[in-house]
file model-v3.txt (compact mmCIF, C-alpha atoms and all ligand atoms)
# COMPACT_ATOMS: atom_id res chain seq x y z
CA MET E 1 -13.28 43.76 13.61
CA ASN E 2 -11.81 40.69 15.23
CA PHE E 3 -10.09 38.09 13.09
CA ASP E 4 -9.70 35.51 15.88
CA PHE E 5 -12.02 32.62 16.61
CA ASP E 6 -13.37 32.46 20.15
CA ALA E 7 -11.92 29.85 22.51
CA ASP E 8 -14.77 27.34 21.93
CA THR E 9 -14.38 27.53 18.16
CA GLU E 10 -10.60 27.09 18.43
CA GLU E 11 -11.09 24.03 20.62
CA MET E 12 -13.68 22.57 18.23
CA ARG E 13 -11.35 23.22 15.25
CA ALA E 14 -8.49 21.37 16.91
CA MET E 15 -10.80 18.48 17.80
CA VAL E 16 -12.15 18.19 14.23
CA LEU E 17 -8.68 18.42 12.71
CA GLY E 18 -7.33 15.65 14.95
CA PHE E 19 -10.39 13.47 14.44
CA ALA E 20 -10.34 13.89 10.64
CA ARG E 21 -6.62 13.06 10.45
CA ARG E 22 -7.04 9.96 12.61
CA GLU E 23 -10.37 8.55 11.45
CA LEU E 24 -11.49 9.82 8.07
CA ALA E 25 -8.95 8.47 5.59
CA PRO E 26 -10.88 6.23 3.20
CA ALA E 27 -10.11 2.54 2.81
CA PRO E 28 -7.98 2.06 -0.33
CA THR E 29 -10.05 1.46 -3.49
CA ALA E 30 -9.13 1.09 -7.15
CA ALA E 31 -9.40 4.24 -9.30
CA GLY E 32 -13.03 4.96 -10.15
CA GLU E 33 -14.38 2.69 -7.41
CA PHE E 34 -16.39 3.77 -4.41
CA ASP E 35 -16.70 1.80 -1.18
CA ALA E 36 -20.23 2.55 0.06
CA ALA E 37 -19.79 0.55 3.29
CA ASP E 38 -16.60 2.41 4.19
CA PHE E 39 -18.32 5.74 3.36
CA ARG E 40 -21.15 4.83 5.79
CA ARG E 41 -18.65 3.78 8.44
CA ARG E 42 -16.87 7.14 8.27
CA TRP E 43 -20.21 8.98 8.09
CA ARG E 44 -21.35 7.38 11.34
CA LEU E 45 -18.06 8.31 13.02
CA ALA E 46 -18.46 11.91 11.81
CA GLY E 47 -22.05 11.83 13.08
CA ARG E 48 -20.93 10.68 16.51
CA GLN E 49 -18.50 13.62 16.64
CA GLY E 50 -21.37 16.01 15.88
CA LEU E 51 -20.00 17.06 12.48
CA VAL E 52 -22.78 16.12 10.06
CA GLY E 53 -25.41 18.10 11.99
CA SER E 54 -23.09 20.77 13.37
CA ALA E 55 -25.07 23.88 12.33
CA VAL E 56 -28.42 22.41 13.40
CA PRO E 57 -29.80 23.65 16.76
CA SER E 58 -29.14 21.27 19.63
CA ALA E 59 -32.91 20.90 20.25
CA TYR E 60 -33.01 18.79 17.05
CA GLY E 61 -29.84 16.78 17.66
CA GLY E 62 -27.27 19.16 16.16
CA SER E 63 -24.32 20.97 17.69
CA GLY E 64 -25.83 24.46 17.32
CA LEU E 65 -22.79 26.04 15.67
CA THR E 66 -23.04 29.53 14.20
CA ALA E 67 -22.24 29.96 10.50
CA VAL E 68 -18.72 31.15 11.39
CA ALA E 69 -18.10 28.12 13.61
CA ALA E 70 -19.65 25.80 10.99
CA ALA E 71 -17.23 27.24 8.41
CA ALA E 72 -14.37 26.66 10.86
CA MET E 73 -15.57 23.06 11.28
CA MET E 74 -15.61 22.56 7.50
CA GLU E 75 -12.17 24.15 7.13
CA ALA E 76 -10.74 21.76 9.73
CA LEU E 77 -12.52 18.82 8.09
CA GLY E 78 -11.08 19.79 4.69
CA GLN E 79 -7.60 20.14 6.16
CA GLY E 80 -7.61 16.93 8.17
CA CYS E 81 -9.54 14.63 5.84
CA PRO E 82 -7.51 13.63 2.78
CA ASP E 83 -10.77 12.81 0.96
CA THR E 84 -12.22 16.21 0.02
CA GLY E 85 -15.13 14.37 -1.60
CA PHE E 86 -16.20 13.09 1.83
CA ALA E 87 -16.03 16.63 3.27
CA PHE E 88 -18.06 17.85 0.28
CA SER E 89 -20.73 15.20 0.90
CA VAL E 90 -20.94 16.26 4.56
CA GLY E 91 -21.33 19.88 3.44
CA ALA E 92 -24.01 19.09 0.84
CA HIS E 93 -25.95 17.02 3.40
CA LEU E 94 -25.70 19.65 6.12
CA PHE E 95 -26.07 22.92 4.22
CA ALA E 96 -28.38 21.90 1.35
CA GLY E 97 -30.25 19.12 3.14
CA LEU E 98 -30.56 19.89 6.85
CA MET E 99 -30.41 23.70 7.03
CA PRO E 100 -33.44 24.10 4.72
CA ILE E 101 -35.41 21.87 7.11
CA VAL E 102 -34.17 23.98 10.06
CA GLU E 103 -35.13 27.23 8.32
CA PHE E 104 -38.36 26.22 6.55
CA GLY E 105 -39.61 23.08 8.29
CA THR E 106 -42.58 22.83 10.60
CA GLU E 107 -41.90 21.76 14.18
CA GLU E 108 -43.20 18.30 13.26
CA GLN E 109 -40.88 18.04 10.23
CA LYS E 110 -37.85 19.13 12.26
CA ARG E 111 -38.56 16.57 14.99
CA ARG E 112 -39.26 13.85 12.45
CA TRP E 113 -36.21 14.28 10.18
CA LEU E 114 -33.37 16.12 11.90
CA PRO E 115 -32.25 13.89 14.81
CA ALA E 116 -31.32 10.87 12.64
CA LEU E 117 -29.81 13.16 9.99
CA CYS E 118 -27.63 14.79 12.69
CA SER E 119 -26.54 11.58 14.40
CA GLY E 120 -25.09 10.05 11.24
CA GLU E 121 -27.78 7.37 10.88
CA ARG E 122 -29.28 9.01 7.80
CA ILE E 123 -27.96 10.99 4.85
CA ALA E 124 -29.69 13.79 2.91
CA ALA E 125 -29.53 15.00 -0.71
CA HIS E 126 -31.05 18.05 -2.44
CA ALA E 127 -32.15 17.53 -6.05
CA ILE E 128 -32.99 20.50 -8.27
CA THR E 129 -30.79 20.16 -11.39
CA GLU E 130 -32.36 18.51 -14.43
CA PRO E 131 -31.07 17.61 -17.88
CA GLU E 132 -32.67 20.77 -19.30
CA ALA E 133 -32.41 22.96 -16.18
CA GLY E 134 -28.90 23.55 -14.82
CA SER E 135 -28.05 27.22 -14.35
CA ASP E 136 -31.61 28.06 -15.38
CA ALA E 137 -32.82 26.40 -12.21
CA LEU E 138 -36.33 27.85 -12.16
CA ASN E 139 -37.22 26.26 -15.46
CA LEU E 140 -37.96 22.80 -14.09
CA ARG E 141 -39.80 20.09 -15.96
CA ALA E 142 -40.21 17.86 -12.93
CA HIS E 143 -43.64 18.71 -11.58
CA ALA E 144 -45.91 17.98 -8.67
CA GLU E 145 -49.61 17.57 -9.21
CA ARG E 146 -52.02 17.93 -6.36
CA ARG E 147 -53.88 14.62 -6.01
CA GLY E 148 -56.19 13.65 -3.13
CA ASP E 149 -54.49 14.29 0.19
CA GLY E 150 -51.06 14.83 -1.34
CA TYR E 151 -48.98 15.32 -4.50
CA VAL E 152 -47.68 13.13 -7.30
CA LEU E 153 -44.11 13.93 -8.39
CA SER E 154 -42.85 13.12 -11.89
CA GLY E 155 -39.65 14.04 -13.73
CA ASP E 156 -35.88 13.55 -13.91
CA LYS E 157 -33.17 15.02 -11.70
CA CYS E 158 -29.45 14.80 -12.44
CA PHE E 159 -26.06 15.19 -10.75
CA THR E 160 -27.53 14.81 -7.26
CA THR E 161 -24.78 14.65 -4.63
CA ASN E 162 -25.22 11.82 -2.09
CA ALA E 163 -28.08 10.27 -4.13
CA PRO E 164 -26.52 6.75 -4.13
CA VAL E 165 -26.38 6.75 -0.31
CA ALA E 166 -29.21 9.14 0.59
CA ASP E 167 -32.08 8.15 2.89
CA VAL E 168 -33.94 11.44 2.49
CA PHE E 169 -34.27 13.69 -0.56
CA LEU E 170 -35.27 17.32 -0.83
CA ILE E 171 -36.86 17.36 -4.26
CA GLN E 172 -37.65 20.56 -6.13
CA ALA E 173 -40.61 20.37 -8.53
CA ALA E 174 -42.81 22.82 -10.41
CA THR E 175 -46.23 23.26 -8.85
CA ALA E 176 -47.02 26.16 -11.18
CA PRO E 177 -45.04 25.49 -14.39
CA GLY E 178 -43.86 28.80 -15.88
CA GLY E 179 -44.57 30.44 -12.53
CA GLY E 180 -40.96 31.64 -12.11
CA PHE E 181 -39.66 32.18 -8.59
CA PHE E 182 -42.98 31.24 -7.00
CA GLY E 183 -43.60 28.27 -9.29
CA LEU E 184 -41.41 25.76 -7.43
CA THR E 185 -42.08 23.71 -4.33
CA ALA E 186 -39.62 21.71 -2.22
CA PHE E 187 -40.66 18.28 -0.90
CA VAL E 188 -39.02 16.09 1.74
CA VAL E 189 -39.14 12.58 0.30
CA PRO E 190 -37.82 9.35 1.90
CA ALA E 191 -35.58 7.40 -0.50
CA ASP E 192 -37.80 4.30 -0.30
CA THR E 193 -40.90 6.13 -1.58
CA PRO E 194 -42.40 4.08 -4.44
CA GLY E 195 -41.71 5.79 -7.77
CA LEU E 196 -38.36 7.31 -6.68
CA ARG E 197 -35.44 5.59 -8.38
CA VAL E 198 -31.73 6.38 -8.07
CA GLY E 199 -29.61 5.72 -11.17
CA PRO E 200 -26.06 4.36 -11.37
CA ARG E 201 -23.30 6.32 -9.60
CA HIS E 202 -21.48 8.87 -11.77
CA ASP E 203 -17.71 8.66 -11.98
CA LYS E 204 -16.27 12.18 -11.68
CA THR E 205 -12.97 13.93 -12.44
CA GLY E 206 -12.75 15.11 -8.86
CA LEU E 207 -14.55 14.71 -5.53
CA ARG E 208 -14.58 10.98 -6.24
CA GLY E 209 -15.21 10.23 -2.59
CA SER E 210 -18.60 11.95 -2.89
CA PRO E 211 -21.17 9.71 -4.57
CA MET E 212 -23.46 11.31 -7.16
CA ALA E 213 -26.29 9.95 -9.32
CA ASP E 214 -29.38 10.94 -11.27
CA VAL E 215 -32.82 10.47 -9.75
CA SER E 216 -36.04 9.68 -11.58
CA LEU E 217 -39.53 10.25 -10.25
CA GLN E 218 -42.40 8.35 -11.76
CA GLY E 219 -45.80 8.77 -10.19
CA CYS E 220 -44.15 9.30 -6.81
CA HIS E 221 -46.94 9.95 -4.31
CA VAL E 222 -46.11 12.05 -1.25
CA PRO E 223 -48.43 13.35 1.49
CA ALA E 224 -49.24 17.06 1.77
CA ASP E 225 -47.02 17.35 4.85
CA ALA E 226 -43.98 16.53 2.67
CA VAL E 227 -44.05 20.15 1.45
CA LEU E 228 -41.18 22.15 2.94
CA GLY E 229 -42.05 25.77 3.66
CA ALA E 230 -45.16 26.23 1.57
CA GLU E 231 -46.34 25.53 -1.93
CA GLY E 232 -44.44 28.03 -4.12
CA ALA E 233 -41.57 28.47 -1.63
CA GLY E 234 -39.18 26.03 -3.35
CA ALA E 235 -36.93 28.73 -4.85
CA SER E 236 -36.64 30.45 -1.46
CA VAL E 237 -35.69 27.13 0.13
CA PHE E 238 -33.12 26.58 -2.60
CA SER E 239 -31.66 30.11 -2.41
CA ALA E 240 -31.27 29.80 1.35
CA SER E 241 -29.46 26.47 0.99
CA MET E 242 -27.12 27.99 -1.62
CA LYS E 243 -26.24 30.82 0.73
CA TRP E 244 -25.09 28.22 3.29
CA GLU E 245 -23.23 26.19 0.66
CA ARG E 246 -21.44 29.16 -0.90
CA THR E 247 -20.04 30.15 2.46
CA CYS E 248 -19.71 27.21 4.82
CA LEU E 249 -19.30 24.27 2.42
CA PHE E 250 -16.54 26.03 0.50
CA ALA E 251 -14.51 26.33 3.72
CA ALA E 252 -13.54 22.67 3.15
CA TYR E 253 -11.47 23.89 0.20
CA LEU E 254 -9.64 26.38 2.45
CA GLY E 255 -8.56 23.45 4.60
CA ALA E 256 -7.55 21.35 1.59
CA MET E 257 -5.52 24.29 0.22
CA ARG E 258 -3.83 24.79 3.60
CA ARG E 259 -2.80 21.13 3.65
CA VAL E 260 -1.32 21.38 0.14
CA VAL E 261 0.41 24.75 0.70
CA ASP E 262 2.05 23.45 3.90
CA ALA E 263 3.25 20.32 2.09
CA THR E 264 4.57 22.43 -0.81
CA VAL E 265 6.56 24.69 1.53
CA ALA E 266 8.08 21.60 3.16
CA TYR E 267 8.91 20.05 -0.20
CA ALA E 268 10.51 23.25 -1.52
CA GLY E 269 12.75 23.28 1.56
CA GLU E 270 13.84 19.67 1.09
CA ARG E 271 14.11 19.11 -2.64
CA ARG E 272 17.58 20.05 -3.87
CA GLN E 273 18.60 20.88 -7.43
CA PHE E 274 21.69 22.74 -8.67
CA GLY E 275 23.20 22.36 -5.20
CA SER E 276 20.45 24.12 -3.21
CA ALA E 277 16.87 23.73 -2.01
CA ILE E 278 14.46 24.69 -4.79
CA GLY E 279 12.68 27.03 -2.34
CA GLY E 280 15.75 29.29 -2.66
CA PHE E 281 14.90 29.98 -6.31
CA GLN E 282 12.78 33.07 -6.58
CA ALA E 283 10.52 31.55 -9.26
CA VAL E 284 9.63 28.83 -6.74
CA SER E 285 9.33 30.99 -3.60
CA HIS E 286 7.23 33.63 -5.35
CA ARG E 287 4.89 30.96 -6.67
CA ILE E 288 4.42 29.72 -3.10
CA VAL E 289 3.84 33.28 -1.89
CA ASP E 290 1.14 33.66 -4.55
CA MET E 291 -0.47 30.38 -3.41
CA THR E 292 -0.53 31.75 0.14
CA LEU E 293 -1.91 35.09 -1.05
CA ARG E 294 -4.79 33.41 -2.92
CA LEU E 295 -5.63 31.19 0.03
CA GLU E 296 -5.57 34.01 2.59
CA ALA E 297 -7.55 36.44 0.41
CA ALA E 298 -10.23 33.83 -0.34
CA ARG E 299 -10.33 32.90 3.35
CA LEU E 300 -11.08 36.48 4.39
CA LEU E 301 -13.92 36.73 1.88
CA LEU E 302 -15.37 33.44 3.05
CA TYR E 303 -15.33 34.30 6.76
CA ARG E 304 -16.79 37.72 5.99
CA ALA E 305 -19.68 35.97 4.22
CA ALA E 306 -20.03 33.52 7.11
CA ASP E 307 -20.12 36.40 9.60
CA GLY E 308 -22.92 38.00 7.55
CA LEU E 309 -24.84 34.73 7.51
CA ALA E 310 -24.42 34.35 11.28
CA ARG E 311 -25.83 37.86 11.73
CA GLY E 312 -28.83 37.12 9.49
CA SER E 313 -27.66 39.34 6.63
CA GLU E 314 -29.65 39.09 3.37
CA ASP E 315 -26.57 40.11 1.37
CA GLU E 316 -26.08 37.79 -1.60
CA ILE E 317 -22.92 39.41 -2.92
CA ALA E 318 -20.66 38.24 -0.09
CA PRO E 319 -21.47 34.49 -0.49
CA ALA E 320 -21.13 34.77 -4.30
CA LEU E 321 -17.73 36.49 -4.03
CA ALA E 322 -16.57 33.95 -1.45
CA LYS E 323 -17.63 31.07 -3.72
CA ILE E 324 -15.83 32.52 -6.74
CA ALA E 325 -12.68 33.38 -4.78
CA VAL E 326 -12.34 30.05 -2.99
CA SER E 327 -13.04 27.86 -6.03
CA GLU E 328 -10.70 29.84 -8.31
CA ALA E 329 -7.97 29.96 -5.66
CA ALA E 330 -8.28 26.19 -5.22
CA VAL E 331 -7.76 25.53 -8.94
CA ARG E 332 -4.72 27.85 -9.06
CA VAL E 333 -3.23 26.49 -5.84
CA GLY E 334 -3.69 22.93 -7.12
CA LEU E 335 -2.04 23.80 -10.47
CA ASP E 336 0.89 25.56 -8.77
CA ALA E 337 1.44 22.73 -6.31
CA VAL E 338 1.50 20.16 -9.13
CA GLN E 339 4.04 22.31 -11.02
CA LEU E 340 6.32 22.70 -7.99
CA LEU E 341 6.39 18.96 -7.38
CA GLY E 342 7.68 18.33 -10.90
CA ALA E 343 6.99 14.78 -12.09
CA LEU E 344 5.89 13.82 -8.58
CA GLY E 345 2.95 16.18 -9.07
CA VAL E 346 1.47 13.97 -11.76
CA VAL E 347 2.68 10.53 -10.65
CA GLY E 348 1.22 8.58 -7.78
CA GLY E 349 -1.99 10.50 -7.15
CA GLY E 350 -0.79 12.80 -4.36
CA ASP E 351 -2.61 15.57 -2.50
CA ALA E 352 -1.69 18.30 -5.01
CA GLU E 353 -3.14 16.43 -7.95
CA ALA E 354 -6.21 15.55 -5.88
CA LEU E 355 -6.74 19.23 -4.98
CA LEU E 356 -6.61 20.20 -8.63
CA ARG E 357 -9.14 17.52 -9.61
CA ASP E 358 -11.38 18.28 -6.62
CA ALA E 359 -11.24 22.02 -7.34
CA LEU E 360 -12.51 21.77 -10.94
CA PRO E 361 -16.13 20.95 -9.98
CA ALA E 362 -16.10 23.74 -7.35
CA ARG E 363 -16.36 26.32 -10.15
CA ILE E 364 -19.53 24.53 -11.31
CA PHE E 365 -21.61 23.37 -8.32
CA SER E 366 -23.55 25.74 -6.03
CA GLY E 367 -24.17 27.86 -9.15
CA THR E 368 -21.36 28.22 -11.70
CA ASN E 369 -18.86 31.03 -11.28
CA GLU E 370 -20.28 32.68 -14.42
CA ILE E 371 -23.73 32.73 -12.83
CA GLN E 372 -22.27 34.11 -9.59
CA ARG E 373 -20.64 36.90 -11.60
CA ASN E 374 -23.99 37.57 -13.30
CA ASN E 375 -25.66 37.76 -9.89
CA VAL E 376 -23.06 40.15 -8.52
CA ALA E 377 -23.20 42.27 -11.68
CA ARG E 378 -26.99 42.44 -11.37
CA ALA E 379 -26.71 43.42 -7.71
CA LEU E 380 -24.34 46.18 -8.79
CA GLY E 381 -26.98 47.41 -11.23
CA LEU E 382 -25.20 45.91 -14.26
CA GLY E 383 -25.89 43.01 -16.56
CA ARG E 384 -28.61 41.89 -18.91
CA ARG E 385 -32.18 42.33 -17.75
CA PRO E 386 -35.49 42.24 -19.48
CA ALA E 387 -36.48 45.46 -21.23
CA GLY E 388 -38.39 47.73 -18.87
CA ALA E 389 -37.16 45.95 -15.72
CA ALA E 390 -36.01 48.06 -12.78
CA ALA E 391 -32.28 48.88 -12.74
CA ARG E 392 -31.82 47.36 -9.27
CA PRO E 393 -32.83 43.72 -9.16
CA ARG E 394 -34.98 42.20 -6.48
CA ARG E 395 -33.92 39.33 -4.42
CA PRO E 396 -35.86 36.71 -6.38
CA GLY E 397 -34.33 37.78 -9.71
CA ALA E 398 -30.82 37.66 -8.33
CA ALA E 399 -31.25 34.44 -6.41
CA ALA E 400 -33.15 32.53 -9.03
CA ARG E 401 -30.13 31.38 -10.92
CA HIS E 402 -28.33 28.34 -9.57
C1 LIG I 1 -19.73 18.03 -8.09
C2 LIG I 1 -21.11 18.49 -8.39
C3 LIG I 1 -22.11 18.30 -7.46
C4 LIG I 1 -23.43 18.68 -7.74
N1 LIG I 1 -24.41 18.42 -6.82
C5 LIG I 1 -25.68 18.75 -7.11
C6 LIG I 1 -26.73 18.45 -6.19
O1 LIG I 1 -26.51 17.91 -5.09
N2 LIG I 1 -28.01 18.76 -6.51
C7 LIG I 1 -28.31 19.35 -7.69
O2 LIG I 1 -29.49 19.61 -7.93
N3 LIG I 1 -27.33 19.65 -8.60
C8 LIG I 1 -26.05 19.36 -8.34
N4 LIG I 1 -25.05 19.64 -9.25
C9 LIG I 1 -25.39 20.25 -10.52
C10 LIG I 1 -25.01 21.72 -10.57
O3 LIG I 1 -25.84 22.46 -9.75
C11 LIG I 1 -25.05 22.16 -12.04
O4 LIG I 1 -24.03 21.46 -12.71
C12 LIG I 1 -24.86 23.66 -12.19
O5 LIG I 1 -25.96 24.39 -11.69
C13 LIG I 1 -24.66 24.05 -13.68
O6 LIG I 1 -25.62 23.46 -14.49
P1 LIG I 1 -25.16 22.64 -15.79
O7 LIG I 1 -24.11 21.68 -15.39
O8 LIG I 1 -26.39 22.12 -16.43
O9 LIG I 1 -24.47 23.72 -16.73
P2 LIG I 1 -25.24 24.77 -17.71
O10 LIG I 1 -26.23 25.55 -16.95
O11 LIG I 1 -25.67 24.05 -18.95
O12 LIG I 1 -24.01 25.73 -18.07
C14 LIG I 1 -23.00 25.38 -19.02
C15 LIG I 1 -22.03 26.55 -19.12
O13 LIG I 1 -22.74 27.72 -19.57
C16 LIG I 1 -22.58 28.77 -18.64
N5 LIG I 1 -23.81 29.56 -18.58
C17 LIG I 1 -25.10 29.12 -18.53
N6 LIG I 1 -25.95 30.14 -18.48
C18 LIG I 1 -25.20 31.26 -18.46
C19 LIG I 1 -25.47 32.65 -18.39
N7 LIG I 1 -26.73 33.11 -18.29
N8 LIG I 1 -24.43 33.52 -18.38
C20 LIG I 1 -23.15 33.07 -18.45
N9 LIG I 1 -22.82 31.77 -18.51
C21 LIG I 1 -23.82 30.89 -18.53
C22 LIG I 1 -22.31 28.08 -17.30
O14 LIG I 1 -21.66 28.97 -16.40
C23 LIG I 1 -21.43 26.92 -17.75
O15 LIG I 1 -20.10 27.36 -17.90
C24 LIG I 1 -23.73 19.29 -8.98
C25 LIG I 1 -22.71 19.51 -9.91
C26 LIG I 1 -21.42 19.12 -9.63
C27 LIG I 1 -20.33 19.37 -10.64
call {"tool": "encode", "arguments": {"input": "model-v3.txt", "output": "structure tokens"}}
result
Amino acid sequence: MNFDFDADTEEMRAMVLGFARRELAPAPTAAGEFDAADFRRRWRLAGRQGLVGSAVPSAYGGSGLTAVAAAAMMEALGQGCPDTGFAFSVGAHLFAGLMPIVEFGTEEQKRRWLPALCSGERIAAHAITEPEAGSDALNLRAHAERRGDGYVLSGDKCFTTNAPVADVFLIQAATAPGGGFFGLTAFVVPADTPGLRVGPRHDKTGLRGSPMADVSLQGCHVPADAVLGAEGAGASVFSASMKWERTCLFAAYLGAMRRVVDATVAYAGERRQFGSAIGGFQAVSHRIVDMTLRLEAARLLLYRAADGLARGSEDEIAPALAKIAVSEAAVRVGLDAVQLLGALGVVGGGDAEALLRDALPARIFSGTNEIQRNNVARALGLGRRPAGAAARPRRPGAAARH
């Protein structure tokens, strides 16, 4: 076991951290507002630095990072960029948009889509969730009917990250309704395809720098070569993208936690009450130790999952545990930091408050933490399963739930 990054990864981390600190602070906007032009400006800068396509092989315009190095990139981005929503959008684009094309696309699809998505010219979104299909992600109503030389997509998607700014959508639709794991198909659909409409941007509690909207599909005709993987491979495409998200994307929260823990240590050393620095009070110092403990423990789980991904492991427990640990640590670290700042924690919209707000959705997206626990329980041979089913679940059963 070696817990150190190699020299190249260390150098890349330092570069990303410096770049994010210098260039990625958003232009000031009023609460609840989103500056799409400024988002694009920062996206292009991140593209030029090789961040938004970092895990994509260099043959298709990416930086060819391994999963461990991509996690290190996301950690540095989360630490340096004060807008965790922007880092989240980069992660959703890269891990749920580009990596499925890398892993399931034909050579023609990779050459057609990936270079502009890596350079920062274009942005990707992956839409599976529907009003009636959240955790129960295989139960889609959106469907694709074979017609002529292609398919016609119809249905409603909701809560799609990057939808308001996306140029390319991965859309999941039922090609065999009721067909379970093999009933879904993923399609690569340009945003300007007639019949695809993006709704108004959602205002969120956290990750406000990441635009999200619903997407409706009405008689949206796509050619047969829009299918990613094969007809019936949509759930595999989706499961693979979730494995990337649950490891690498969540590293952005490690960086955000590090930023907040460092600032809390500094504050506890400076703020004086009762004639001494508050960090001298055991109730304060122990709380900071517990923040550090949660961050470091979650970090180990995440890099272990990333190492498995880099080695091609099929293990689904490690990414699920990493996702649970990082998101729950982030909520607790945010809460503790707000408490230790006293009134300053809730006045003025500082980093601690932002971490807490940004951490709340992390327990929901990429499959809720309850669903992750179900998946781990099932992999351990526990949990509810249909009568007569085998005690040890198969990959599709475990991966099917969002
Ligand atoms: C910030 C953010 C970004 C997102 N981005 C995207 C995106 O880009 N693309 C996309 O398609 N979707 C996206 N989503 C949607 C996300 O995937 C869903 O919100 C998630 O899968 C949960 O679905 P739901 O919200 O419908 O909750 P539900 O599935 O309705 O769950 C509600 C509650 O019930 C619990 N629950 C449900 N079933 C079970 C069960 N069997 N056992 C125990 N508990 C259960 C859940 O854990 C949860 O607490 C995003 C969501 C958020 C918050």
call {"tool": "closest_atom_pairs", "arguments": {"input": "model-v3.txt", "of": "chain E", "to": "ligand LIG 1 (chain I)", "cutoff": "6 Å", "atoms": "all atoms listed in the file", "output": "tab-separated table"}}
result
residue	atom	partner	partner_atom	distance
E:His126	CA	I:LIG1	N2	5.1
E:Ala127	CA	I:LIG1	O2	3.9
E:Ile128	CA	I:LIG1	O2	3.6
E:Thr129	CA	I:LIG1	O2	3.7
E:Gly134	CA	I:LIG1	O6	3.3
E:Ser135	CA	I:LIG1	O10	3.6
E:Phe159	CA	I:LIG1	N4	4.8
E:Thr160	CA	I:LIG1	C6	3.9
E:Thr161	CA	I:LIG1	O1	3.7
E:Pro361	CA	I:LIG1	C27	4.5
E:Ile364	CA	I:LIG1	C27	5.3
E:Phe365	CA	I:LIG1	C25	4.3
E:Ser366	CA	I:LIG1	O3	5.5
E:Gly367	CA	I:LIG1	O5	4.7
E:Thr368	CA	I:LIG1	O14	4.8
E:Glu370	CA	I:LIG1	O14	4.4
E:Ile371	CA	I:LIG1	O14	5.6
E:His402	CA	I:LIG1	O5	5.1
call {"tool": "atom_distance", "arguments": {"input": "model-v3.txt", "atom1": "CA of Ala37 in chain E", "atom2": "CA of Val165 in chain E"}}
result
9.7 Å
call {"tool": "closest_residue", "arguments": {"input": "model-v3.txt", "among": "E:Glu328, E:Glu231, E:Asp203, E:Glu314", "to": "Gly183 in chain E", "atoms": "only C-alpha atoms"}}
result
E:Glu231
call {"tool": "atom_distance", "arguments": {"input": "model-v3.txt", "atom1": "CA of Phe19 in chain E", "atom2": "CA of Gly80 in chain E"}}
result
7.7 Å
call {"tool": "atom_distance", "arguments": {"input": "model-v3.txt", "atom1": "CA of Cys220 in chain E", "atom2": "CA of Leu94 in chain E"}}
result
24.8 Å
call {"tool": "closest_residue", "arguments": {"input": "model-v3.txt", "among": "E:Leu254, E:Leu17, E:Ala354, E:Leu382", "to": "Ser327 in chain E", "atoms": "only C-alpha atoms"}}
result
E:Leu254
call {"tool": "closest_residue", "arguments": {"input": "model-v3.txt", "among": "E:Ala46, E:Ala240, E:Leu355, E:Ala379", "to": "Arg258 in chain E", "atoms": "all atoms listed in the file"}}
result
E:Leu355
call {"tool": "closest_residue", "arguments": {"input": "model-v3.txt", "among": "E:Leu217, E:Ala362, E:Val222, E:Leu249", "to": "Leu77 in chain E", "atoms": "all atoms listed in the file"}}
result
E:Leu249
call {"tool": "closest_residue", "arguments": {"input": "model-v3.txt", "among": "E:Val198, E:Ala329, E:Leu184, E:Val189", "to": "Trp113 in chain E", "atoms": "only C-alpha atoms"}}
result
E:Val189
call {"tool": "residues_around", "arguments": {"input": "model-v3.txt", "residues": "Gly206 in chain E", "least_positions_apart": "6", "cutoff": "12 Å", "atoms": "all atoms listed in the file", "output": "PyMOL selection string"}}
result
chain E and resi 31-32+83-86+88+212+331+349+351+353-364
call {"tool": "closest_residue", "arguments": {"input": "model-v3.txt", "among": "E:Cys158, E:Met257, E:Val68, E:Ile171", "to": "Leu302 in chain E", "atoms": "all atoms listed in the file"}}
result
E:Val68
call {"tool": "residues_around", "arguments": {"input": "model-v3.txt", "residues": "Ala72 in chain E", "least_positions_apart": "5", "cutoff": "9 Å", "atoms": "only C-alpha atoms", "output": "VMD selection string"}}
result
chain E and resid 5 9 to 10 12 to 13 67 77 248 251 to 252 303
